[in-house]
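Here's entry-v6.tsv, which has TSV, C-alpha atoms:
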chain	number	residue	atom	x	y	z
S	1	MET	CA	13.68	-44.57	-12.38
S	2	THR	CA	16.07	-41.86	-13.50
S	3	ARG	CA	16.19	-38.76	-11.35
S	4	PRO	CA	14.90	-35.74	-13.32
S	5	ILE	CA	17.27	-32.93	-14.20
S	6	PRO	CA	15.98	-29.48	-13.22
S	7	THR	CA	15.37	-26.92	-15.95
S	8	ILE	CA	17.36	-23.85	-14.90
S	9	ARG	CA	17.67	-20.53	-16.69
S	10	VAL	CA	18.99	-17.07	-15.90
S	11	GLN	CA	17.76	-14.63	-18.51
S	12	ARG	CA	17.03	-11.00	-19.20
S	13	ALA	CA	13.75	-11.68	-21.03
S	14	ASP	CA	10.44	-12.21	-19.27
S	15	PHE	CA	8.95	-15.70	-18.98
S	16	ASP	CA	5.48	-17.10	-19.54
S	17	LEU	CA	4.15	-19.24	-16.68
S	18	ALA	CA	1.69	-21.14	-18.92
S	19	VAL	CA	4.38	-21.99	-21.48
S	20	GLU	CA	6.81	-23.16	-18.78
S	21	ASN	CA	4.12	-25.21	-17.03
S	22	GLN	CA	3.17	-26.90	-20.31
S	23	ALA	CA	6.82	-27.68	-21.07
S	24	LEU	CA	7.23	-29.33	-17.67
S	25	THR	CA	4.03	-31.39	-17.73
S	26	ALA	CA	3.35	-32.18	-21.41
S	27	GLY	CA	2.62	-35.85	-21.93
S	28	ARG	CA	3.19	-36.68	-18.26
S	29	HIS	CA	0.61	-38.86	-16.53
S	30	ASP	CA	2.65	-39.53	-13.39
S	31	ILE	CA	2.37	-35.96	-12.08
S	32	GLY	CA	-0.38	-35.45	-9.50
S	33	ALA	CA	0.49	-31.91	-8.37
S	34	VAL	CA	2.14	-28.83	-9.79
S	35	VAL	CA	2.98	-25.85	-7.60
S	36	SER	CA	4.21	-22.62	-9.15
S	37	PHE	CA	5.59	-19.48	-7.59
S	38	VAL	CA	6.12	-16.22	-9.45
S	39	GLY	CA	7.99	-13.46	-7.65
S	40	LEU	CA	7.18	-9.91	-8.74
S	41	CYS	CA	8.96	-6.59	-8.28
S	42	ARG	CA	7.03	-4.61	-5.64
S	43	ASP	CA	6.72	-0.82	-5.84
S	44	GLU	CA	7.33	-0.46	-2.07
S	45	ALA	CA	4.31	1.81	-1.51
S	46	GLY	CA	5.04	3.84	-4.64
S	47	THR	CA	8.70	4.62	-3.85
S	48	LEU	CA	10.36	1.97	-6.02
S	49	ALA	CA	10.38	2.23	-9.82
S	50	ALA	CA	12.58	-0.77	-10.55
S	51	LEU	CA	15.16	-3.23	-9.34
S	52	GLU	CA	18.41	-3.79	-11.14
S	53	LEU	CA	19.40	-7.45	-10.78
S	54	GLU	CA	22.93	-8.63	-11.33
S	55	HIS	CA	24.25	-12.16	-11.12
S	56	TYR	CA	27.50	-14.07	-11.30
S	57	PRO	CA	27.23	-15.74	-14.75
S	58	GLY	CA	27.89	-19.45	-14.69
S	59	MET	CA	27.99	-19.59	-10.91
S	60	ALA	CA	24.34	-18.51	-10.57
S	61	GLU	CA	23.20	-21.27	-12.92
S	62	ALA	CA	25.41	-23.83	-11.18
S	63	GLU	CA	24.04	-22.93	-7.75
S	64	MET	CA	20.46	-22.97	-9.03
S	65	THR	CA	21.10	-26.41	-10.54
S	66	ARG	CA	22.55	-27.64	-7.24
S	67	ILE	CA	19.54	-26.32	-5.30
S	68	GLY	CA	17.14	-27.82	-7.83
S	69	GLY	CA	18.86	-31.19	-7.59
S	70	LEU	CA	18.61	-31.13	-3.80
S	71	ALA	CA	14.88	-30.36	-4.02
S	72	ILE	CA	14.27	-33.14	-6.55
S	73	GLU	CA	16.06	-35.66	-4.35
S	74	ARG	CA	14.64	-34.51	-1.02
S	75	PHE	CA	10.99	-34.25	-2.10
S	76	SER	CA	10.96	-36.91	-4.85
S	77	LEU	CA	9.96	-34.30	-7.40
S	78	LEU	CA	9.12	-35.48	-10.90
S	79	GLY	CA	10.20	-32.19	-12.45
S	80	LEU	CA	11.41	-28.71	-11.55
S	81	THR	CA	11.79	-25.46	-13.44
S	82	ALA	CA	13.52	-22.39	-11.99
S	83	ILE	CA	13.99	-19.18	-13.95
S	84	HIS	CA	15.56	-16.03	-12.55
S	85	ARG	CA	15.71	-12.79	-14.51
S	86	HIS	CA	18.51	-10.23	-14.48
S	87	GLY	CA	18.76	-6.66	-15.68
S	88	ARG	CA	16.33	-3.85	-14.94
S	89	ILE	CA	12.98	-5.15	-13.69
S	90	GLU	CA	10.21	-2.56	-13.44
S	91	ALA	CA	7.69	-2.55	-10.58
S	92	GLY	CA	4.98	-5.11	-11.33
S	93	GLU	CA	7.20	-7.23	-13.60
S	94	GLN	CA	8.13	-10.85	-12.95
S	95	ILE	CA	11.52	-11.65	-11.42
S	96	VAL	CA	11.58	-15.35	-10.60
S	97	LEU	CA	9.65	-18.52	-11.42
S	98	VAL	CA	9.71	-21.87	-9.65
S	99	ILE	CA	7.53	-24.77	-10.77
S	100	ALA	CA	7.67	-28.05	-8.84
S	101	ALA	CA	5.93	-31.20	-10.07
S	102	ALA	CA	5.36	-34.21	-7.83
S	103	PRO	CA	3.07	-37.20	-7.40
S	104	HIS	CA	1.33	-35.45	-4.48
S	105	ARG	CA	0.65	-31.83	-3.46
S	106	GLN	CA	2.69	-31.60	-0.27
S	107	ALA	CA	5.91	-32.63	-2.01
S	108	ALA	CA	5.26	-30.05	-4.74
S	109	PHE	CA	4.57	-27.29	-2.18
S	110	ASP	CA	7.62	-28.22	-0.09
S	111	GLY	CA	9.85	-28.48	-3.15
S	112	ALA	CA	8.86	-25.03	-4.43
S	113	ASN	CA	9.30	-23.46	-0.97
S	114	PHE	CA	12.67	-25.14	-0.49
S	115	VAL	CA	13.95	-23.85	-3.84
S	116	MET	CA	12.81	-20.28	-3.15
S	117	ASP	CA	14.26	-20.25	0.37
S	118	PHE	CA	17.64	-21.33	-0.98
S	119	LEU	CA	17.55	-19.10	-4.08
S	120	LYS	CA	17.01	-16.06	-1.83
S	121	THR	CA	20.07	-16.87	0.28
S	122	SER	CA	22.50	-19.03	-1.72
S	123	ALA	CA	22.34	-18.07	-5.39
S	124	PRO	CA	24.65	-15.19	-6.36
S	125	PHE	CA	22.16	-12.46	-7.29
S	126	TRP	CA	22.28	-8.83	-6.20
S	127	LYS	CA	19.51	-6.22	-6.31
S	128	LYS	CA	19.88	-2.45	-6.56
S	129	GLU	CA	16.87	-0.20	-6.01
S	130	HIS	CA	15.80	2.61	-8.36
S	131	GLY	CA	13.38	5.11	-6.83
S	132	THR	CA	10.36	6.69	-8.48
S	133	ASP	CA	12.02	10.07	-7.83
S	134	GLY	CA	14.86	9.08	-10.17
S	135	SER	CA	17.31	8.27	-7.41
S	136	ALA	CA	19.47	5.17	-7.48
S	137	GLY	CA	19.31	3.54	-4.12
S	138	GLY	CA	21.77	1.15	-2.63
S	139	TRP	CA	22.20	-2.55	-3.05
S	140	VAL	CA	19.57	-4.49	-1.11
S	141	GLU	CA	20.99	-6.11	2.01
S	142	ALA	CA	20.37	-9.75	2.88
S	143	ARG	CA	17.52	-10.22	5.36
S	144	ASP	CA	17.68	-12.30	8.52
S	145	ALA	CA	14.17	-13.57	7.78
S	146	ASP	CA	15.45	-15.14	4.54
S	147	ASP	CA	18.22	-16.94	6.43
S	148	LEU	CA	15.70	-18.21	9.00
S	149	ALA	CA	13.44	-19.51	6.23
S	150	ARG	CA	16.36	-21.37	4.67
S	151	ASP	CA	17.60	-22.73	8.00
S	152	LYS	CA	14.24	-24.31	8.86
S	153	TRP	CA	14.99	-26.98	6.22
S	154	ALA	CA	18.05	-28.22	8.13
S	155	GLY	CA	15.91	-30.08	10.67
S	156	LYS	CA	13.29	-31.34	8.21
S	157	ASP	CA	13.54	-34.93	6.96
Whole structure, structure tokens version:
Amino acid sequence: MTRPIPTIRVQRADFDLAVENQALTAGRHDIGAVVSFVGLCRDEAGTLAALELEHYPGMAEAEMTRIGGLAIERFSLLGLTAIHRHGRIEAGEQIVLVIAAAPHRQAAFDGANFVMDFLKTSAPFWKKEHGTDGSAGGWVEARDADDLARDKWAGKD
């Protein structure tokens, strides 16, 4: 059986979960589980109006493809879609989508978690905060918790 190629996109436009799910699963009878994750822009208790997301074009897609390929191989996924937006994302809007398809639920859950843990730490994206008071905050620093989440996969078979 040929290993699936992940569907990877970095785009300014919003995405539609139902459309992406249908594209991944249409006509497939070998898929037993689909897990999706949609990351949203939080308002940080009313202080954040938007995030400005920048990426390294070409490199971001390449790293997302590499991560997706690792997830497909490691968890025997039957399909994977990962979409990450860039540009100004208002509070409440969608930022990232990961859909993992597998024969069984645990592989789909693990595959989606794996991809998100690595996207947060390895893909070249940067976030700048824009406050509700009109201020432009700084660039968001990497979090130790994200590194710990990624590192837990090192010991997992």
Tell me, counting only C-alpha atoms, for each residue of stretch 94-142 of chain S within 8 Å of stretch 8-21 of chain S, which pair of atoms is nearest and how far apart they are in Å to one decimal, in rows ordered by chain and increasing number, as a Markdown table.
| residue | atom | partner | partner_atom | distance |
| --- | --- | --- | --- | --- |
| S:Gln94 | CA | S:Asp14 | CA | 6.9 |
| S:Ile95 | CA | S:Asp14 | CA | 7.9 |
| S:Leu97 | CA | S:Leu17 | CA | 7.6 |
| S:Ile99 | CA | S:Asn21 | CA | 7.1 |
Point to revise | Exercise: residues within 8 Å of coordinate (14.9, -3.0, -16.5), counting all atoms listed in the file, as a ChimeraX atom specification | key: /S:50-52,87-90
Point to revise | Shortest interatomic distance to S:Ala60 - which of S:Lys120, S:His104, S:Arg143, S:Arg74, counting only C-alpha atoms | key: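 Closest residue, counting only C-alpha atoms: S:Lys120.
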Point to revise | Counting only C-alpha atoms, the residue of S:Thr2, S:His86, S:Leu48, S:Ala112 that sits nearest S:Gly138 | key: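 With only C-alpha atoms as the atom set, the closest residue is S:Leu48.
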Point to revise | Coordinates-based distance that separates atom CA of S:Glu54 from atom CA of S:Gly137 (Å, one decimal) | key: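 Between atom CA of S:Gly137 and atom CA of S:Glu54 the gap is 14.6 Å.
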Exercise: stretch 145-154 of chain S partners within 8 Å, all atoms listed in the file, chain neighbours under 6 positions left out, as a CSV table (one decimal) with C-alpha atoms, keeping the file's coordinate frame:
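Output (out_11.csv):
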chain,number,residue,atom,x,y,z
S,114,PHE,CA,12.7,-25.1,-0.5
S,117,ASP,CA,14.3,-20.2,0.4
S,118,PHE,CA,17.6,-21.3,-1.0
S,120,LYS,CA,17.0,-16.1,-1.8
S,121,THR,CA,20.1,-16.9,0.3
Check your understanding: So, counting all atoms listed in the file, which residue among S:Ile31, S:Gly155, S:Pro4, S:Ala71 is closest to S:Asn113?
Key -> S:Ala71
Exercise for review: Within 12 Å of S:Val34, counting all atoms listed in the file, which residues show up once you throw out same-chain ones fewer than 5 positions away? Write them as an MDAnalysis selection string, please.
Suggested key: chainID S and resid 17:18 20:22 24:25 28 77:81 98:112
Next, the residues of the selection above should be written as a PDB file, in the coordinates of the input with C-alpha atoms.
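Heads up, here's the output in selection.pdb:
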ATOM      1  CA  LEU S  17       4.150 -19.240 -16.680  1.00  0.00           C
ATOM      2  CA  ALA S  18       1.690 -21.140 -18.920  1.00  0.00           C
ATOM      3  CA  GLU S  20       6.810 -23.160 -18.780  1.00  0.00           C
ATOM      4  CA  ASN S  21       4.120 -25.210 -17.030  1.00  0.00           C
ATOM      5  CA  GLN S  22       3.170 -26.900 -20.310  1.00  0.00           C
ATOM      6  CA  LEU S  24       7.230 -29.330 -17.670  1.00  0.00           C
ATOM      7  CA  THR S  25       4.030 -31.390 -17.730  1.00  0.00           C
ATOM      8  CA  ARG S  28       3.190 -36.680 -18.260  1.00  0.00           C
ATOM      9  CA  LEU S  77       9.960 -34.300  -7.400  1.00  0.00           C
ATOM     10  CA  LEU S  78       9.120 -35.480 -10.900  1.00  0.00           C
ATOM     11  CA  GLY S  79      10.200 -32.190 -12.450  1.00  0.00           C
ATOM     12  CA  LEU S  80      11.410 -28.710 -11.550  1.00  0.00           C
ATOM     13  CA  THR S  81      11.790 -25.460 -13.440  1.00  0.00           C
ATOM     14  CA  VAL S  98       9.710 -21.870  -9.650  1.00  0.00           C
ATOM     15  CA  ILE S  99       7.530 -24.770 -10.770  1.00  0.00           C
ATOM     16  CA  ALA S 100       7.670 -28.050  -8.840  1.00  0.00           C
ATOM     17  CA  ALA S 101       5.930 -31.200 -10.070  1.00  0.00           C
ATOM     18  CA  ALA S 102       5.360 -34.210  -7.830  1.00  0.00           C
ATOM     19  CA  PRO S 103       3.070 -37.200  -7.400  1.00  0.00           C
ATOM     20  CA  HIS S 104       1.330 -35.450  -4.480  1.00  0.00           C
ATOM     21  CA  ARG S 105       0.650 -31.830  -3.460  1.00  0.00           C
ATOM     22  CA  GLN S 106       2.690 -31.600  -0.270  1.00  0.00           C
ATOM     23  CA  ALA S 107       5.910 -32.630  -2.010  1.00  0.00           C
ATOM     24  CA  ALA S 108       5.260 -30.050  -4.740  1.00  0.00           C
ATOM     25  CA  PHE S 109       4.570 -27.290  -2.180  1.00  0.00           C
ATOM     26  CA  ASP S 110       7.620 -28.220  -0.090  1.00  0.00           C
ATOM     27  CA  GLY S 111       9.850 -28.480  -3.150  1.00  0.00           C
ATOM     28  CA  ALA S 112       8.860 -25.030  -4.430  1.00  0.00           C
TER      29      ALA S 112
END
Exercise for review: With a distance cut-off of 9 Å and all atoms listed in the file, select the neighbouring residues of S:Val115, excluding the residue or stretch itself and same-chain residues fewer than 6 positions from it, and output the selection as number ranges by chain.
Suggested key: S: 64, 67-68, 70-71, 82, 98
Review point. Which residue gives the smallest distance to S:Leu53 among S:Ser135, S:Lys127, S:Met116, S:Ala26, with only C-alpha atoms counted?
Key: S:Lys127
Review point. At what distance in Å, to one decimal, does atom CA of S:Glu63 lie from atom CA of S:Pro124?
Key: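 A separation of 7.9 Å between them.
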Quick one: stretch 120-145 of chain S with N, CA, C and O atoms, as a short mmCIF file (atom, residue, chain, number, x, y, z; two decimals), in the coordinates of the input?
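Generated output (result_26.cif):
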data_model
loop_
_atom_site.label_atom_id
_atom_site.label_comp_id
_atom_site.auth_asym_id
_atom_site.auth_seq_id
_atom_site.Cartn_x
_atom_site.Cartn_y
_atom_site.Cartn_z
N LYS S 120 16.91 -17.38 -2.48
CA LYS S 120 17.01 -16.06 -1.83
C LYS S 120 18.33 -15.88 -1.07
O LYS S 120 18.78 -14.76 -0.88
N THR S 121 18.91 -16.98 -0.61
CA THR S 121 20.07 -16.87 0.28
C THR S 121 21.37 -17.41 -0.31
O THR S 121 22.44 -16.99 0.10
N SER S 122 21.30 -18.34 -1.25
CA SER S 122 22.50 -19.03 -1.72
C SER S 122 22.92 -18.70 -3.14
O SER S 122 24.09 -18.84 -3.48
N ALA S 123 21.99 -18.35 -3.99
CA ALA S 123 22.34 -18.07 -5.39
C ALA S 123 22.92 -16.66 -5.49
O ALA S 123 22.42 -15.73 -4.86
N PRO S 124 23.98 -16.49 -6.27
CA PRO S 124 24.65 -15.19 -6.36
C PRO S 124 23.92 -14.18 -7.25
O PRO S 124 24.24 -14.01 -8.42
N PHE S 125 22.90 -13.54 -6.66
CA PHE S 125 22.16 -12.46 -7.29
C PHE S 125 22.21 -11.26 -6.37
O PHE S 125 22.19 -11.40 -5.15
N TRP S 126 22.27 -10.06 -6.97
CA TRP S 126 22.28 -8.83 -6.20
C TRP S 126 21.25 -7.88 -6.78
O TRP S 126 21.06 -7.83 -8.00
N LYS S 127 20.58 -7.12 -5.88
CA LYS S 127 19.51 -6.22 -6.31
C LYS S 127 19.85 -4.79 -5.89
O LYS S 127 20.20 -4.54 -4.74
N LYS S 128 19.71 -3.87 -6.83
CA LYS S 128 19.88 -2.45 -6.56
C LYS S 128 18.55 -1.76 -6.82
O LYS S 128 17.89 -2.02 -7.83
N GLU S 129 18.15 -0.89 -5.90
CA GLU S 129 16.87 -0.20 -6.01
C GLU S 129 16.99 1.08 -6.84
O GLU S 129 17.99 1.78 -6.76
N HIS S 130 15.92 1.36 -7.61
CA HIS S 130 15.80 2.61 -8.36
C HIS S 130 14.49 3.25 -7.95
O HIS S 130 13.42 2.66 -8.15
N GLY S 131 14.55 4.44 -7.36
CA GLY S 131 13.38 5.11 -6.83
C GLY S 131 12.53 5.78 -7.90
O GLY S 131 13.00 6.09 -8.99
N THR S 132 11.27 6.00 -7.56
CA THR S 132 10.36 6.69 -8.48
C THR S 132 10.75 8.16 -8.65
O THR S 132 10.35 8.79 -9.62
N ASP S 133 11.56 8.68 -7.72
CA ASP S 133 12.02 10.07 -7.83
C ASP S 133 13.28 10.18 -8.69
O ASP S 133 13.87 11.25 -8.79
N GLY S 134 13.69 9.06 -9.31
CA GLY S 134 14.86 9.08 -10.17
C GLY S 134 16.16 8.73 -9.46
O GLY S 134 17.20 8.60 -10.10
N SER S 135 16.10 8.59 -8.17
CA SER S 135 17.31 8.27 -7.41
C SER S 135 17.68 6.80 -7.57
O SER S 135 16.83 5.94 -7.76
N ALA S 136 18.98 6.55 -7.50
CA ALA S 136 19.47 5.17 -7.48
C ALA S 136 19.80 4.85 -6.04
O ALA S 136 20.68 5.47 -5.44
N GLY S 137 19.07 3.94 -5.50
CA GLY S 137 19.31 3.54 -4.12
C GLY S 137 20.49 2.61 -4.02
O GLY S 137 21.20 2.36 -4.99
N GLY S 138 20.66 2.06 -2.85
CA GLY S 138 21.77 1.15 -2.63
C GLY S 138 21.41 -0.27 -3.01
O GLY S 138 20.29 -0.57 -3.41
N TRP S 139 22.40 -1.12 -2.85
CA TRP S 139 22.20 -2.55 -3.05
C TRP S 139 21.40 -3.08 -1.88
O TRP S 139 21.63 -2.72 -0.73
N VAL S 140 20.44 -3.95 -2.14
CA VAL S 140 19.57 -4.49 -1.11
C VAL S 140 20.36 -5.47 -0.25
O VAL S 140 21.02 -6.37 -0.76
N GLU S 141 20.30 -5.25 1.05
CA GLU S 141 20.99 -6.11 2.01
C GLU S 141 20.24 -7.42 2.21
O GLU S 141 19.02 -7.48 2.07
N ALA S 142 20.98 -8.46 2.54
CA ALA S 142 20.37 -9.75 2.88
C ALA S 142 19.51 -9.56 4.13
O ALA S 142 19.83 -8.74 5.00
N ARG S 143 18.43 -10.33 4.22
CA ARG S 143 17.52 -10.22 5.36
C ARG S 143 17.66 -11.44 6.26
O ARG S 143 17.75 -12.57 5.77
N ASP S 144 17.63 -11.19 7.56
CA ASP S 144 17.68 -12.30 8.52
C ASP S 144 16.52 -13.25 8.33
O ASP S 144 16.66 -14.47 8.50
N ALA S 145 15.35 -12.73 7.97
CA ALA S 145 14.17 -13.57 7.78
C ALA S 145 14.40 -14.60 6.66
O ALA S 145 13.91 -15.73 6.74
#
